[in-house]
$ cat start_13.cif   # mmCIF, C-alpha atoms and all ligand atoms
data_input
#
loop_
_atom_site.label_atom_id
_atom_site.label_comp_id
_atom_site.auth_asym_id
_atom_site.auth_seq_id
_atom_site.Cartn_x
_atom_site.Cartn_y
_atom_site.Cartn_z
CA MET A 1 179.91 125.44 185.31
CA THR A 2 176.63 126.33 187.00
CA ASP A 3 174.52 128.97 185.25
CA VAL A 4 174.09 131.56 188.01
CA ASN A 5 171.32 133.51 186.25
CA LYS A 6 168.54 131.40 187.73
CA PHE A 7 169.87 132.37 191.17
CA LYS A 8 169.61 136.15 190.69
CA GLY A 9 166.58 137.86 192.21
CA ILE A 10 164.15 137.57 195.08
CA PHE A 11 163.93 134.44 197.24
CA PRO A 12 161.50 134.32 200.18
CA ALA A 13 163.09 132.40 203.06
CA LEU A 14 160.00 130.32 203.76
CA LEU A 15 158.53 130.33 207.25
CA THR A 16 157.20 127.05 208.64
CA PRO A 17 153.46 127.00 209.47
CA PHE A 18 152.35 124.98 212.51
CA ASN A 19 148.80 123.84 213.26
CA GLU A 20 147.21 123.71 216.75
CA LYS A 21 148.94 120.38 217.41
CA ASP A 22 152.31 121.99 216.60
CA GLU A 23 152.62 119.91 213.42
CA ILE A 24 153.60 121.29 210.02
CA ASN A 25 150.55 122.69 208.27
CA GLU A 26 151.14 121.49 204.71
CA LYS A 27 148.10 123.22 203.19
CA ALA A 28 149.15 126.60 204.57
CA LEU A 29 152.65 126.24 203.13
CA GLU A 30 151.24 125.30 199.74
CA LYS A 31 148.99 128.35 199.69
CA LEU A 32 151.88 130.70 200.55
CA ILE A 33 154.12 129.18 197.89
CA GLU A 34 151.45 129.63 195.19
CA TYR A 35 150.88 133.24 196.31
CA ASN A 36 154.58 134.00 195.93
CA ILE A 37 155.01 132.21 192.61
CA GLN A 38 152.19 134.39 191.26
CA LYS A 39 154.07 137.48 192.39
CA GLY A 40 157.04 136.38 190.30
CA VAL A 41 159.68 135.42 192.85
CA THR A 42 162.83 133.84 191.41
CA GLY A 43 162.72 130.99 193.88
CA PHE A 44 162.57 129.94 197.52
CA TYR A 45 165.10 129.41 200.27
CA VAL A 46 163.91 126.36 202.18
CA GLY A 47 164.79 125.30 205.72
CA GLY A 48 166.73 128.39 206.80
CA SER A 49 166.77 130.33 210.07
CA THR A 50 163.39 131.78 209.11
CA ALA A 51 161.94 128.27 208.82
CA GLU A 52 162.87 127.74 212.49
CA ALA A 53 165.06 124.95 211.07
CA PHE A 54 166.93 124.42 214.31
CA LEU A 55 163.64 123.91 216.14
CA LEU A 56 162.46 121.20 213.73
CA SER A 57 163.17 117.49 214.06
CA ASP A 58 165.15 115.81 211.25
CA GLU A 59 161.91 114.24 210.00
CA GLU A 60 160.20 117.62 209.92
CA ARG A 61 163.06 119.20 208.01
CA LEU A 62 162.87 116.38 205.47
CA GLN A 63 159.08 116.77 205.32
CA VAL A 64 159.48 120.46 204.44
CA TYR A 65 162.12 119.79 201.74
CA ARG A 66 159.90 117.13 200.17
CA LEU A 67 156.71 119.13 200.35
CA VAL A 68 158.17 122.32 198.86
CA LYS A 69 159.69 120.46 195.92
CA GLU A 70 156.44 118.62 195.33
CA ILE A 71 154.49 121.90 195.22
CA VAL A 72 156.99 123.92 193.19
CA GLY A 73 158.11 121.28 190.70
CA LYS A 74 160.28 123.04 188.15
CA ARG A 75 158.46 126.38 188.28
CA CYS A 76 161.24 128.26 190.07
CA THR A 77 164.66 127.87 191.66
CA LEU A 78 164.93 126.00 194.96
CA ILE A 79 167.76 126.40 197.42
CA ALA A 80 167.75 124.11 200.46
CA HIS A 81 169.46 125.28 203.60
CA ILE A 82 170.99 122.07 204.96
CA GLY A 83 173.24 123.57 207.64
CA CYS A 84 173.69 121.73 210.95
CA ILE A 85 176.47 121.69 213.50
CA SER A 86 177.41 118.16 212.50
CA THR A 87 179.08 117.49 209.14
CA GLY A 88 177.44 114.07 208.86
CA GLN A 89 173.96 115.41 209.40
CA THR A 90 174.54 118.25 206.92
CA ILE A 91 175.58 115.67 204.31
CA MET A 92 172.51 113.55 205.11
CA PHE A 93 170.19 116.51 204.39
CA GLY A 94 172.22 117.38 201.30
CA GLU A 95 171.88 113.88 199.86
CA CYS A 96 168.16 114.04 200.45
CA VAL A 97 167.59 117.37 198.68
CA GLN A 98 169.83 116.28 195.83
CA SER A 99 167.66 113.24 195.25
CA LEU A 100 164.59 115.48 195.41
CA GLY A 101 165.94 117.66 192.59
CA TYR A 102 166.83 120.92 194.37
CA ASP A 103 168.93 123.45 192.44
CA ALA A 104 171.44 124.27 195.16
CA VAL A 105 172.29 123.80 198.81
CA SER A 106 173.27 126.38 201.37
CA ALA A 107 174.72 125.99 204.85
CA VAL A 108 175.49 128.18 207.79
CA ALA A 109 178.96 127.62 209.27
CA PRO A 110 178.94 125.10 212.13
CA PHE A 111 178.34 127.09 215.29
CA TYR A 112 178.16 126.92 219.10
CA TYR A 113 181.49 125.11 219.72
CA LYS A 114 183.61 127.89 218.23
CA PHE A 115 185.23 125.64 215.64
CA THR A 116 188.52 126.81 214.15
CA PHE A 117 188.49 128.11 210.60
CA ASP A 118 190.33 124.95 209.48
CA GLU A 119 187.50 122.86 210.94
CA ILE A 120 184.88 125.02 209.25
CA LYS A 121 186.71 124.80 205.95
CA LYS A 122 186.97 121.02 206.19
CA HIS A 123 183.25 120.87 207.04
CA TYR A 124 182.24 122.71 203.86
CA PHE A 125 184.64 120.75 201.65
CA ASP A 126 183.45 117.43 203.09
CA VAL A 127 179.88 118.48 202.32
CA VAL A 128 180.53 119.47 198.68
CA GLU A 129 182.62 116.32 198.23
CA HIS A 130 179.54 114.23 199.02
CA ILE A 131 176.87 116.25 197.26
CA ASP A 132 176.57 117.03 193.60
CA LEU A 133 174.81 120.40 193.95
CA PRO A 134 176.26 123.92 193.97
CA MET A 135 176.83 125.32 197.48
CA LEU A 136 175.96 128.78 198.69
CA ILE A 137 177.70 129.76 201.89
CA TYR A 138 175.40 131.32 204.49
CA ASN A 139 177.39 134.07 206.17
CA PHE A 140 175.53 135.12 209.31
CA PRO A 141 178.09 136.26 211.88
CA ALA A 142 175.51 137.64 214.35
CA PHE A 143 173.97 134.20 214.92
CA SER A 144 176.75 131.79 213.93
CA GLY A 145 179.58 133.71 215.61
CA VAL A 146 181.68 133.04 212.49
CA ASN A 147 182.63 136.08 210.44
CA LEU A 148 184.02 135.09 207.04
CA THR A 149 186.57 137.47 205.60
CA THR A 150 187.28 137.95 201.89
CA GLU A 151 190.46 135.93 202.40
CA ASN A 152 188.44 133.07 203.96
CA LEU A 153 185.91 133.21 201.17
CA LYS A 154 188.55 132.97 198.49
CA LEU A 155 189.39 129.52 199.79
CA PHE A 156 185.83 128.48 198.96
CA LEU A 157 184.84 130.54 195.96
CA ASN A 158 187.96 129.68 193.98
CA ASP A 159 186.41 126.21 193.80
CA GLU A 160 183.62 126.05 191.22
CA ARG A 161 181.34 123.96 193.48
CA PHE A 162 180.81 127.08 195.62
CA ILE A 163 178.56 129.46 193.69
CA GLY A 164 178.18 132.33 196.12
CA VAL A 165 177.18 133.69 199.50
CA LYS A 166 174.02 134.65 201.35
CA HIS A 167 175.39 137.63 203.22
CA THR A 168 173.32 138.36 206.34
CA SER A 169 175.50 141.08 207.72
CA ASN A 170 175.67 144.85 207.59
CA ASP A 171 179.30 144.67 206.52
CA TYR A 172 178.69 146.16 203.09
CA PHE A 173 182.37 146.81 202.54
CA GLY A 174 182.79 143.05 202.88
CA LEU A 175 179.99 142.42 200.36
CA GLU A 176 181.61 144.76 197.83
CA GLN A 177 184.97 143.07 198.34
CA PHE A 178 183.38 139.66 197.71
CA LYS A 179 181.59 140.80 194.55
CA THR A 180 184.64 142.60 193.19
CA ALA A 181 186.83 139.55 193.78
CA PHE A 182 184.20 137.18 192.28
CA PRO A 183 182.06 139.10 189.78
CA HIS A 184 180.64 135.90 188.27
CA LYS A 185 179.46 134.38 191.55
CA VAL A 186 176.12 135.20 193.16
CA PHE A 187 175.72 137.27 196.33
CA TYR A 188 172.50 137.74 198.26
CA ASN A 189 171.57 140.50 200.62
CA GLY A 190 170.39 138.95 203.90
CA PHE A 191 168.89 141.82 205.91
CA ASP A 192 165.72 142.98 204.14
CA GLU A 193 165.84 146.39 205.83
CA MET A 194 169.11 147.10 203.96
CA PHE A 195 168.23 145.53 200.61
CA LEU A 196 168.89 148.66 198.58
CA ALA A 197 172.26 149.12 200.27
CA GLY A 198 173.05 145.53 199.35
CA LEU A 199 172.18 146.11 195.69
CA SER A 200 174.37 149.20 195.56
CA MET A 201 177.30 147.20 196.95
CA GLY A 202 176.99 144.38 194.45
CA ALA A 203 174.24 142.01 195.62
CA ASP A 204 172.55 140.03 192.83
CA GLY A 205 169.33 139.65 194.80
CA GLY A 206 168.05 138.93 198.25
CA ILE A 207 166.96 136.08 200.48
CA GLY A 208 164.63 137.34 203.15
CA SER A 209 161.94 136.51 205.65
CA THR A 210 159.72 139.53 205.02
CA TYR A 211 159.53 138.56 201.33
CA ASN A 212 157.04 135.88 202.43
CA PHE A 213 154.32 138.55 202.41
CA MET A 214 155.83 141.53 200.55
CA ALA A 215 157.98 140.05 197.78
CA GLU A 216 156.50 142.53 195.28
CA LYS A 217 158.18 145.45 197.08
CA PHE A 218 161.60 143.84 196.70
CA ILE A 219 161.01 142.73 193.11
CA LYS A 220 160.03 146.32 192.28
CA MET A 221 162.99 147.78 194.19
CA GLN A 222 165.43 145.64 192.26
CA GLN A 223 163.77 146.57 188.97
CA LEU A 224 163.91 150.30 189.81
CA PHE A 225 167.51 149.96 190.92
CA ASN A 226 168.41 148.37 187.58
CA GLU A 227 166.66 151.24 185.79
CA GLU A 228 168.72 153.66 187.92
CA LYS A 229 165.58 155.06 189.56
CA HIS A 230 167.21 155.15 192.95
CA SER A 231 164.97 157.61 194.74
CA GLU A 232 161.86 155.67 193.75
CA ALA A 233 163.51 152.48 194.98
CA PHE A 234 164.39 154.23 198.24
CA GLU A 235 160.76 155.23 198.78
CA ILE A 236 159.80 151.54 198.68
CA GLN A 237 162.63 150.65 201.06
CA GLN A 238 161.33 153.29 203.48
CA ILE A 239 157.85 151.75 203.50
CA ALA A 240 159.29 148.25 203.89
CA ASN A 241 161.38 149.52 206.80
CA LYS A 242 158.37 150.93 208.64
CA ILE A 243 156.98 147.40 208.48
CA ILE A 244 160.27 145.75 209.49
CA ALA A 245 160.76 148.17 212.41
CA ALA A 246 157.34 147.11 213.73
CA LEU A 247 158.23 143.42 213.31
CA ILE A 248 161.51 143.88 215.18
CA LYS A 249 159.57 145.44 218.07
CA VAL A 250 157.42 142.35 218.58
CA GLY A 251 159.97 139.71 217.51
CA VAL A 252 160.50 139.21 213.75
CA PHE A 253 159.17 135.65 213.36
CA GLN A 254 156.26 136.21 215.76
CA GLY A 255 155.35 139.35 213.83
CA GLU A 256 155.68 137.70 210.43
CA LYS A 257 153.47 134.80 211.38
CA ALA A 258 150.90 137.25 212.74
CA VAL A 259 150.94 139.16 209.41
CA LEU A 260 150.45 135.93 207.46
CA ASN A 261 147.59 134.92 209.74
CA MET A 262 145.95 138.32 209.15
CA LEU A 263 146.31 137.80 205.40
CA GLY A 264 144.51 134.46 205.72
CA PHE A 265 147.44 132.04 205.54
CA ASP A 266 146.93 130.12 208.79
CA PHE A 267 150.60 129.98 209.83
CA GLY A 268 149.95 129.46 213.53
CA ASP A 269 152.61 130.58 215.95
CA VAL A 270 156.34 130.22 216.58
CA ARG A 271 157.76 127.16 218.29
CA ALA A 272 159.04 127.18 221.89
CA PRO A 273 161.27 128.47 223.33
CA PHE A 274 160.18 131.42 221.17
CA GLU A 275 157.40 133.17 223.02
CA LYS A 276 154.02 133.40 221.33
CA ILE A 277 152.87 136.86 220.31
CA SER A 278 150.75 138.73 222.88
CA LYS A 279 147.31 140.14 222.07
CA GLU A 280 148.72 143.64 222.47
CA ASN A 281 151.53 143.02 219.96
CA TYR A 282 149.16 141.30 217.54
CA ASP A 283 146.93 144.39 217.56
CA TYR A 284 149.95 146.64 217.13
CA ILE A 285 151.04 144.69 214.02
CA GLU A 286 147.52 144.81 212.63
CA LYS A 287 147.41 148.56 213.06
CA THR A 288 150.91 149.42 211.82
CA VAL A 289 151.79 146.78 209.21
CA ILE A 290 148.60 145.84 207.39
CA PRO A 291 147.84 149.35 206.03
CA LEU A 292 151.35 149.51 204.54
CA LEU A 293 151.10 146.27 202.55
O1 LIG A 301 167.00 135.47 205.95
C1 LIG A 301 166.44 137.03 207.56
N1 LIG A 301 167.29 136.82 208.69
C2 LIG A 301 166.85 136.30 209.84
C3 LIG A 301 167.11 136.57 206.35
O2 LIG A 301 165.73 136.02 210.04
C4 LIG A 301 167.83 136.08 210.91
C5 LIG A 301 166.02 138.48 207.35
O3 LIG A 301 165.02 138.47 206.39
C6 LIG A 301 165.52 139.17 208.62
O4 LIG A 301 164.55 138.39 209.25
C7 LIG A 301 164.92 140.54 208.33
C8 LIG A 301 164.53 141.29 209.60
O5 LIG A 301 165.67 141.67 210.33
O6 LIG A 301 165.82 141.30 207.60
#
$ encode --input "start_13.cif" --output "structure tokens"
Amino acid sequence: MTDVNKFKGIFPALLTPFNEKDEINEKALEKLIEYNIQKGVTGFYVGGSTAEAFLLSDEERLQVYRLVKEIVGKRCTLIAHIGCISTGQTIMFGECVQSLGYDAVSAVAPFYYKFTFDEIKKHYFDVVEHIDLPMLIYNFPAFSGVNLTTENLKLFLNDERFIGVKHTSNDYFGLEQFKTAFPHKVFYNGFDEMFLAGLSMGADGGIGSTYNFMAEKFIKMQQLFNEEKHSEAFEIQQIANKIIAALIKVGVFQGEKAVLNMLGFDFGDVRAPFEKISKENYDYIEKTVIPLL
């Protein structure tokens, strides 16, 4: 049985830095990882939506998995998001991160073609059949179009190879139902702006994009929540949400990369077809977000 304790807590979903030639900026990623390890994050979620994973080539995805493991070593927990539409490709990434020594894999449900639930189920079971790492299901109905119910989840979580769910959804009733049905599995809150709600409905931690530059707020919130200091935790959530509201206005990834650039991390810009941030929006982020960090 997998020890789930090393999976509880705060996991930045790492962004991918690009240099002027639109290549991965390895130095910038290393600097951000060190910064977050110092803050005391539990681990990193590598190659997820936030990493622009679906805009990277296979080689680039592999480059990121390799690089992050090389930098982190055994200092914290590493979860690789290996999700792809194709089962074969998902397995290929899974085999790679297993050989690199990752702690777990995660995968979004195959999307776009509106696969049947039976197809999705077979996809996940084929993946865990081939890979000897615990699997964390990535439930993200807004982007994947697949909304997993508690009944669906039971078919996975009753199998010990599935250790939990990254729940990027505002269905908090669903989250509570998952946690109540599987108290010993691990559930992550996916939307940072509702982190405290997630904790109160059973989340064991969070995986989030804004943690890249404000992990300390979420670490503190979880600590205060555990000490039952709910109004103090809420005050931090309110500050975080002023920041997140500003990011949503300009495009979350564009805004996050701008913040990192302002903090000296050299993350470049988002990859096309995402639109680069305008001068006006950059200034707006500088004015609204930076003073709140
Ligand atoms: O990994 C992230 N989800 C997406 C979780 O990027 C789609 C979140 O951290 C959001 O970016 C964040 C802002 O809505 O909560």
$ residues_around --input "start_13.cif" --residues "segment 98-110 of chain A" --least-positions-apart "5" --cutoff "6 Å" --atoms "only C-alpha atoms" --output "list in words"
Leu78, Ile79, Ala80, His81, Ile82, Gly83, Ile85, Leu133, Pro134, Met135, Leu136, Ile137 and Tyr138 of chain A
$ atom_distance --input "start_13.cif" --atom1 "atom CA of Val128 of chain A" --atom2 "atom CA of Asp3 of chain A"
17.5 Å
$ residues_near_ligand --input "start_13.cif" --ligand "ligand LIG 301 (chain A)" --cutoff "6 Å" --atoms "only C-alpha atoms and all ligand atoms" --output "list of chain:residue names"
A:Ala13, A:Ser49, A:Thr50, A:Gly190, A:Phe191, A:Asp192, A:Glu193, A:Ile207, A:Gly208, A:Ser209, A:Thr210
$ residues_around --input "start_13.cif" --residues "Leu55 of chain A" --least-positions-apart "5" --cutoff "12 Å" --atoms "all atoms listed in the file" --output "list of chain:residue names"
A:Thr16, A:Phe18, A:Asp22, A:Gly47, A:Gly48, A:Ser49, A:Thr50, A:Glu60, A:Arg61, A:Cys84, A:Val270, A:Arg271, A:Ala272, A:Pro273, A:Phe274
$ residues_around --input "start_13.cif" --residues "Pro183 of chain A" --least-positions-apart "3" --cutoff "12 Å" --atoms "only C-alpha atoms" --output "PyMOL selection string"
chain A and resi 4+157-158+163-164+175-180+186-187+201-204
$ closest_residue --input "start_13.cif" --among "A:Gln63, A:Met194, A:Asn170, A:His130" --to "Ala142 of chain A" --atoms "only C-alpha atoms"
A:Asn170
$ closest_residue --input "start_13.cif" --among "A:Asn5, A:Gly40, A:Lys31, A:Gly88" --to "Ile71 of chain A" --atoms "all atoms listed in the file"
A:Lys31
$ closest_residue --input "start_13.cif" --among "A:Tyr188, A:Tyr45, A:Phe156, A:Tyr282" --to "Ile33 of chain A" --atoms "all atoms listed in the file"
A:Tyr45
$ closest_residue --input "start_13.cif" --among "A:Ala28, A:Ile120, A:Leu293, A:Ile10" --to "Gly206 of chain A" --atoms "only C-alpha atoms"
A:Ile10
